[in-house]
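**Q** Shown below is the structure under consideration.
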Amino acid sequence: MKRTLLNSAALIASGALLAGCAAMGMDRPAATTDSAPAASADAATRWPISAQGAADFVADAETRLAELSEFVARTQWTRATYITYDTMWLESRANAQYTELQVSLANEAAKFKDVPGLAPDVARKLDLLRLGIVLPAPNRPGAAGQLSDITTRLDSTYATGKFDYQGRQITLDEASILMAESRNPAETKALYEGWRTVSPQMKDDYANMVTIANEGARDLGYADVGALWRSGYDMEADAFAAETDRLWNQVKPFYENLHCYVRSRLHEKYGDAVQPDTGPIRADLLGNMWSQQWGNIYDVVAPKSGGEAGYDMTSLLEAKGYDAEKMVRTGEGFYTSLGLAPLPDTFWERSQITRPEGREVVCHASAWDLDNLEDVRIKMCTQVNADDFYTVHHELGHNVYQRAYKDQPFLFKNGANDGFHEAIGDFVGLSALTPTYLNQIGLLDRVPGPEGDIPFLLQMALDKIAFLPFGLMVDRWRWDVFSGETTPAEYNDAWTANMLKYQGLTPPGPRPANAFDPGAKYHIPGNTPYTRYFLAHIYQFQFHRAACKQAGWTGPLHRCSIYGNKEVGARFNAMMEMGQSRPWQEAMYAFTGERGNDATAVADYFAPLNVWLTEQNRGKDCGW
């Protein structure tokens, strides 16, 4: 799952600077300008504390941010696609400059907070200036540079990580493929633990980063960085946390049903010595390095009866002669079928679609907007397989969204909230994975009948439902770290406790005293807020249900494809064009007719499977 704006790192963004940062790379760090602090010295005289002064200040801030953003984005792109000491140095300096500018502008924006008579757009932009910094540096000399050095080092340490496996050094890409394919518990344990040897060296840097960024958050009036992050959803921070709890409780019973079924099938395959039939699941048995999606073990947990899926997506792609570029062009074709503009020529000239030879790069898939206008790109090390077929549709969703809001003012060039930016591509992906769509584009000769519904929905649930607790737990761990409730000495124990609490999983063996397992997940060293992905897994089903209704679809929701429906595309684009100019609730309403989060769409989509799982689990001791 990847994404769109960032701050110090990550897919989508992944970190997210300010609203305008979306213009940069999804899932990566952000940056700012050198002259920023000095420029604020005479701000009190240049911008009187009045409604007009606030409007003039905001206009100037947008101009300065826009001028710097392209330089920063191109510096970040260069480092991400060509990692050397020099590109790391350049990015670190660019990020520090941008952070200094952001901090300066955020502090100035705070002075206008209680000014009467502010125009609504001005008031919103002032809030975005304060909320848009993912990792705020303290407002003191040298702090932005220190923070930027740390975040660049963390990101590059992750990107270049390798470990010894069976006598050779392997990358995360290689390890992930082996993890997906191996059914030998000794091998999966070695891979799981081997990758986590790259992260202990990050721990001290991470703890120092938390201390510095928390100081910056307090300068902006927030208790800590976690409180700052939770405040960016057009609602109070505590109310947002409560809302995520409410959504999780809506879907938790279904997750527990899936967990119970999968555990039982793993027990059948591996026996008590590897996977007992009660309690938590051993995390390395689930086919994914972080156990966040379980679709790779479908062959282990497939229904014993009740129909066959009838096809293997990876095999279909290989049989039809797909390569990485053809996968991306197919993804583009979905969006153009909705009436949206094709990608510019520069996308094909400048994107990193496959891993380059002979240099270190960040392979974590991400979408980028380098000039706030038309220079959109993706950065992937694309493999011809089912996972990356979906990922391509997801990443292009970020680019489509970026182009839709390109005419908004700089501070509104972003998703309605970060969950929206993730959900756009995931929503399209729901159609892109249906047999209906695969048949429409010639990948599948025949759409399976109703006998294929349970296999299809189980495959989808192994990714979509299995992800939900992981999508929640990453930031729950981080919120406690930022608040000080979890100390550096407790980092790993707290992470393992969250795995058990939310996912019902345990590591394959005792963790060493120096373990820093959170650092083995990109979004932690990459400093990408993660609750966005949890929200996206709710929003995408809301979007899908609404779109299928608009299209007049009357069949099962999981069989609906909106491919080729330009009426849906027009309404979809109208929502995207709003960018972050209005509260997310209004954007949601513009497309779905609903003003809030609603996980019932998830239940509607998977209803037949939940009934089936309940029957399979009859008499079993579910829970952990």
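As shown in the structure tokens, the chain order sets the letters A, B, ...; within each chain, residues go from 1, and ligands are also counted from 1 in the order they appear.
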With DSSP run on the backbone, what are the alpha helix (DSSP H) residues within stretch 243-368 of chain A? I'd like them as a PyMOL selection string.

**A** chain A and resi 243-270+298-301+313-319+324-337+345-350

**Q** Write out as a list in words which residues come within 7 Å of stretch 430-443 of chain A when counting only C-alpha atoms, dropping same-chain ones fewer than 4 positions away.

**A**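 Listed by chain and then number, they are Leu316, Asp426, Val447, Arg559, Cys560, Ser561, Ile562 and Tyr563 of chain A.
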
**Q** Near A:Arg545, within 12 Å and counting only C-alpha atoms, which residues show up once chain neighbours fewer than 2 positions away are dropped, as number ranges by chain?

**A** A: 427-428, 430-431, 538-543, 547-562, 568, 591-594, 598-606

**Q** Contacts of stretch 472-488 of chain A at 10 Å or less, counting only C-alpha atoms, minus same-chain residues fewer than 5 places along, as a VMD selection string?

**A** chain A and resid 203 to 204 206 to 208 210 to 211 213 to 214 223 to 227 229 to 230 241 244 to 245 248 467 493 to 503 516 518 521 523 to 524 527 to 535

**Q** Between A:Glu108, A:Leu444, A:Lys379, A:Leu65, which is the closest to A:Arg350 once you count only C-alpha atoms?

**A** A:Lys379

**Q** Taking into account only C-alpha atoms, which residue in the set A:Cys622, A:Val58, A:Ala302, A:Ala242 is nearest to A:Asp277?

**A**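 Of A:Cys622, A:Val58, A:Ala302, A:Ala242, the one nearest A:Asp277, counting only C-alpha atoms, is A:Cys622.
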
**Q** Near A:Ser92, counting only C-alpha atoms, which residues have an atom at most 7 Å away, once you skip same-chain residues fewer than 2 positions from it, shown as a VMD selection string?

**A** chain A and resid 88 to 90 94 to 96 148 to 149 152

**Q** From a backbone DSSP assignment, name each residue in stretch 80-291 of chain A labelled strand (DSSP E), as a ChimeraX atom specification.

**A** /A:162-165,168-171,281-282

**Q** Find the distance between atom CA of A:Glu490 and atom CA of A:Lys189 and write it in Å to one decimal.

**A** 23.2 Å

**Q** If we count only C-alpha atoms and set the cut-off at 12 Å, which residues sit around A:Lys111, ignoring sequence neighbours fewer than 4 positions away in its own chain? Please answer as a list in words.

**A** Ala43, Ala44, Trp47, Pro48, Ile49, Ser50, Ala51, Gly53, Ala54, Phe57, Ser104, Leu105, Ala106, Asn107, Val115, Ala123, Leu126, Asp127, Leu129, Arg130, Leu220 and Gly221 of chain A

**Q** Can I get the selected residues back with all heavy atoms, as a compact mmCIF listing (two decimals), in the first residue's frame?

**A**
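Listing of again.txt after writing:
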```txt
# COMPACT_ATOMS: atom_id res chain seq x y z
N ALA A 43 8.13 39.92 9.94
CA ALA A 43 6.75 39.54 9.62
C ALA A 43 5.74 40.40 10.36
O ALA A 43 4.66 40.70 9.84
CB ALA A 43 6.53 38.07 9.95
N ALA A 44 6.06 40.78 11.60
CA ALA A 44 5.10 41.54 12.39
C ALA A 44 4.77 42.87 11.73
O ALA A 44 3.64 43.36 11.83
CB ALA A 44 5.65 41.77 13.80
N TRP A 47 3.05 41.94 8.05
CA TRP A 47 1.72 41.34 8.10
C TRP A 47 1.03 41.73 9.41
O TRP A 47 1.17 41.05 10.41
CB TRP A 47 1.79 39.82 7.99
CG TRP A 47 2.77 39.31 6.97
CD1 TRP A 47 3.83 38.50 7.20
CD2 TRP A 47 2.78 39.58 5.57
NE1 TRP A 47 4.51 38.24 6.05
CE2 TRP A 47 3.88 38.89 5.02
CE3 TRP A 47 1.97 40.34 4.72
CZ2 TRP A 47 4.19 38.93 3.67
CZ3 TRP A 47 2.28 40.39 3.37
CH2 TRP A 47 3.37 39.69 2.86
N PRO A 48 0.32 42.84 9.43
CA PRO A 48 -0.38 43.24 10.66
C PRO A 48 -1.37 42.17 11.08
O PRO A 48 -1.94 41.46 10.25
CB PRO A 48 -1.08 44.54 10.26
CG PRO A 48 -1.12 44.54 8.77
CD PRO A 48 0.09 43.79 8.32
N ILE A 49 -1.58 42.04 12.38
CA ILE A 49 -2.49 41.00 12.90
C ILE A 49 -3.93 41.45 12.69
O ILE A 49 -4.60 42.01 13.57
CB ILE A 49 -2.20 40.72 14.39
CG1 ILE A 49 -0.72 40.41 14.59
CG2 ILE A 49 -3.05 39.54 14.88
CD1 ILE A 49 -0.22 39.24 13.75
N SER A 50 -4.39 41.22 11.49
CA SER A 50 -5.74 41.61 11.08
C SER A 50 -6.19 40.64 10.00
O SER A 50 -5.39 39.84 9.49
CB SER A 50 -5.74 43.03 10.51
OG SER A 50 -4.97 43.10 9.32
N ALA A 51 -7.46 40.73 9.63
CA ALA A 51 -7.97 39.84 8.59
C ALA A 51 -7.23 40.07 7.27
O ALA A 51 -6.86 39.11 6.57
CB ALA A 51 -9.47 40.03 8.40
N GLY A 53 -4.20 41.39 6.97
CA GLY A 53 -2.83 40.94 7.17
C GLY A 53 -2.70 39.44 7.02
O GLY A 53 -1.73 38.94 6.44
N ALA A 54 -3.69 38.71 7.53
CA ALA A 54 -3.69 37.25 7.41
C ALA A 54 -3.79 36.83 5.95
O ALA A 54 -3.08 35.91 5.49
CB ALA A 54 -4.83 36.65 8.21
N PHE A 57 -0.49 37.54 4.27
CA PHE A 57 0.51 36.58 4.73
C PHE A 57 0.35 35.23 4.02
O PHE A 57 1.32 34.63 3.55
CB PHE A 57 0.41 36.39 6.25
CG PHE A 57 1.09 35.15 6.75
CD1 PHE A 57 2.47 35.07 6.81
CD2 PHE A 57 0.34 34.04 7.15
CE1 PHE A 57 3.10 33.91 7.26
CE2 PHE A 57 0.95 32.89 7.60
CZ PHE A 57 2.34 32.83 7.66
N SER A 104 8.82 28.23 10.16
CA SER A 104 8.68 29.69 10.23
C SER A 104 7.25 30.11 9.89
O SER A 104 6.62 30.90 10.61
CB SER A 104 9.67 30.35 9.28
OG SER A 104 9.45 31.73 9.19
N LEU A 105 6.73 29.58 8.80
CA LEU A 105 5.38 29.94 8.37
C LEU A 105 4.32 29.42 9.33
O LEU A 105 3.31 30.09 9.58
CB LEU A 105 5.12 29.40 6.96
CG LEU A 105 5.98 30.01 5.85
CD1 LEU A 105 5.69 29.30 4.52
CD2 LEU A 105 5.75 31.50 5.72
N ALA A 106 4.54 28.23 9.88
CA ALA A 106 3.57 27.69 10.84
C ALA A 106 3.49 28.56 12.09
O ALA A 106 2.40 28.82 12.62
CB ALA A 106 3.96 26.27 11.21
N ASN A 107 4.63 29.01 12.56
CA ASN A 107 4.63 29.89 13.74
C ASN A 107 3.98 31.23 13.45
O ASN A 107 3.26 31.79 14.29
CB ASN A 107 6.06 30.08 14.25
CG ASN A 107 6.55 28.90 15.06
OD1 ASN A 107 5.98 28.54 16.07
ND2 ASN A 107 7.63 28.27 14.60
N VAL A 115 -7.86 35.91 15.04
CA VAL A 115 -8.22 37.18 14.41
C VAL A 115 -9.67 37.09 13.91
O VAL A 115 -10.03 36.14 13.21
CB VAL A 115 -7.27 37.49 13.24
CG1 VAL A 115 -7.79 38.67 12.42
CG2 VAL A 115 -5.87 37.78 13.77
N ALA A 123 -8.71 31.18 6.66
CA ALA A 123 -8.67 30.45 7.94
C ALA A 123 -8.25 29.00 7.72
O ALA A 123 -7.45 28.45 8.49
CB ALA A 123 -10.04 30.51 8.61
N LEU A 126 -4.50 28.87 6.97
CA LEU A 126 -3.72 29.07 8.19
C LEU A 126 -3.63 27.77 8.99
O LEU A 126 -2.56 27.42 9.51
CB LEU A 126 -4.34 30.18 9.05
CG LEU A 126 -4.21 31.60 8.51
CD1 LEU A 126 -5.11 32.56 9.31
CD2 LEU A 126 -2.76 32.08 8.56
N ASP A 127 -4.75 27.05 9.07
CA ASP A 127 -4.73 25.76 9.78
C ASP A 127 -3.81 24.77 9.06
O ASP A 127 -3.05 24.03 9.70
CB ASP A 127 -6.14 25.18 9.86
CG ASP A 127 -7.00 25.88 10.90
OD1 ASP A 127 -6.44 26.56 11.79
OD2 ASP A 127 -8.24 25.75 10.83
N LEU A 129 -1.23 25.39 7.25
CA LEU A 129 0.18 25.75 7.46
C LEU A 129 0.68 25.19 8.79
O LEU A 129 1.84 24.79 8.91
CB LEU A 129 0.34 27.27 7.44
CG LEU A 129 0.34 27.92 6.05
CD1 LEU A 129 0.21 29.43 6.17
CD2 LEU A 129 1.61 27.55 5.28
N ARG A 130 -0.17 25.16 9.80
CA ARG A 130 0.23 24.64 11.11
C ARG A 130 0.22 23.13 11.14
O ARG A 130 1.03 22.50 11.82
CB ARG A 130 -0.70 25.18 12.20
CG ARG A 130 -0.61 26.68 12.41
CD ARG A 130 -1.65 27.18 13.41
NE ARG A 130 -1.47 26.57 14.71
CZ ARG A 130 -2.39 25.83 15.32
NH1 ARG A 130 -3.55 25.58 14.74
NH2 ARG A 130 -2.15 25.31 16.51
N LEU A 220 4.58 24.52 18.07
CA LEU A 220 3.39 24.83 17.28
C LEU A 220 2.10 24.72 18.09
O LEU A 220 1.01 24.91 17.55
CB LEU A 220 3.31 23.87 16.08
CG LEU A 220 4.44 24.00 15.05
CD1 LEU A 220 4.28 22.95 13.96
CD2 LEU A 220 4.45 25.40 14.44
N GLY A 221 2.21 24.40 19.37
CA GLY A 221 1.04 24.36 20.23
C GLY A 221 0.42 23.00 20.41
O GLY A 221 -0.71 22.90 20.92
```

**Q** Separation of atom CA of A:Leu286 and atom CA of A:Lys252, in Å?

**A** 18.8 Å

**Q** Go through stretch 340-426 of chain A and flag each residue having an atom no more than 12 Å from stretch 174-183 of chain A; for those, report the closest pair of atoms plus their distance in Å to one decimal, using only C-alpha atoms, ordered by chain and rising number, as a tab-separated table.

**A**
```
residue	atom	partner	partner_atom	distance
A:Cys363	CA	A:Glu174	CA	11.6
A:Cys381	CA	A:Glu174	CA	11.6
A:Gln383	CA	A:Ile177	CA	10.2
A:Asn385	CA	A:Ile177	CA	10.7
A:Asp387	CA	A:Ala180	CA	10.9
```
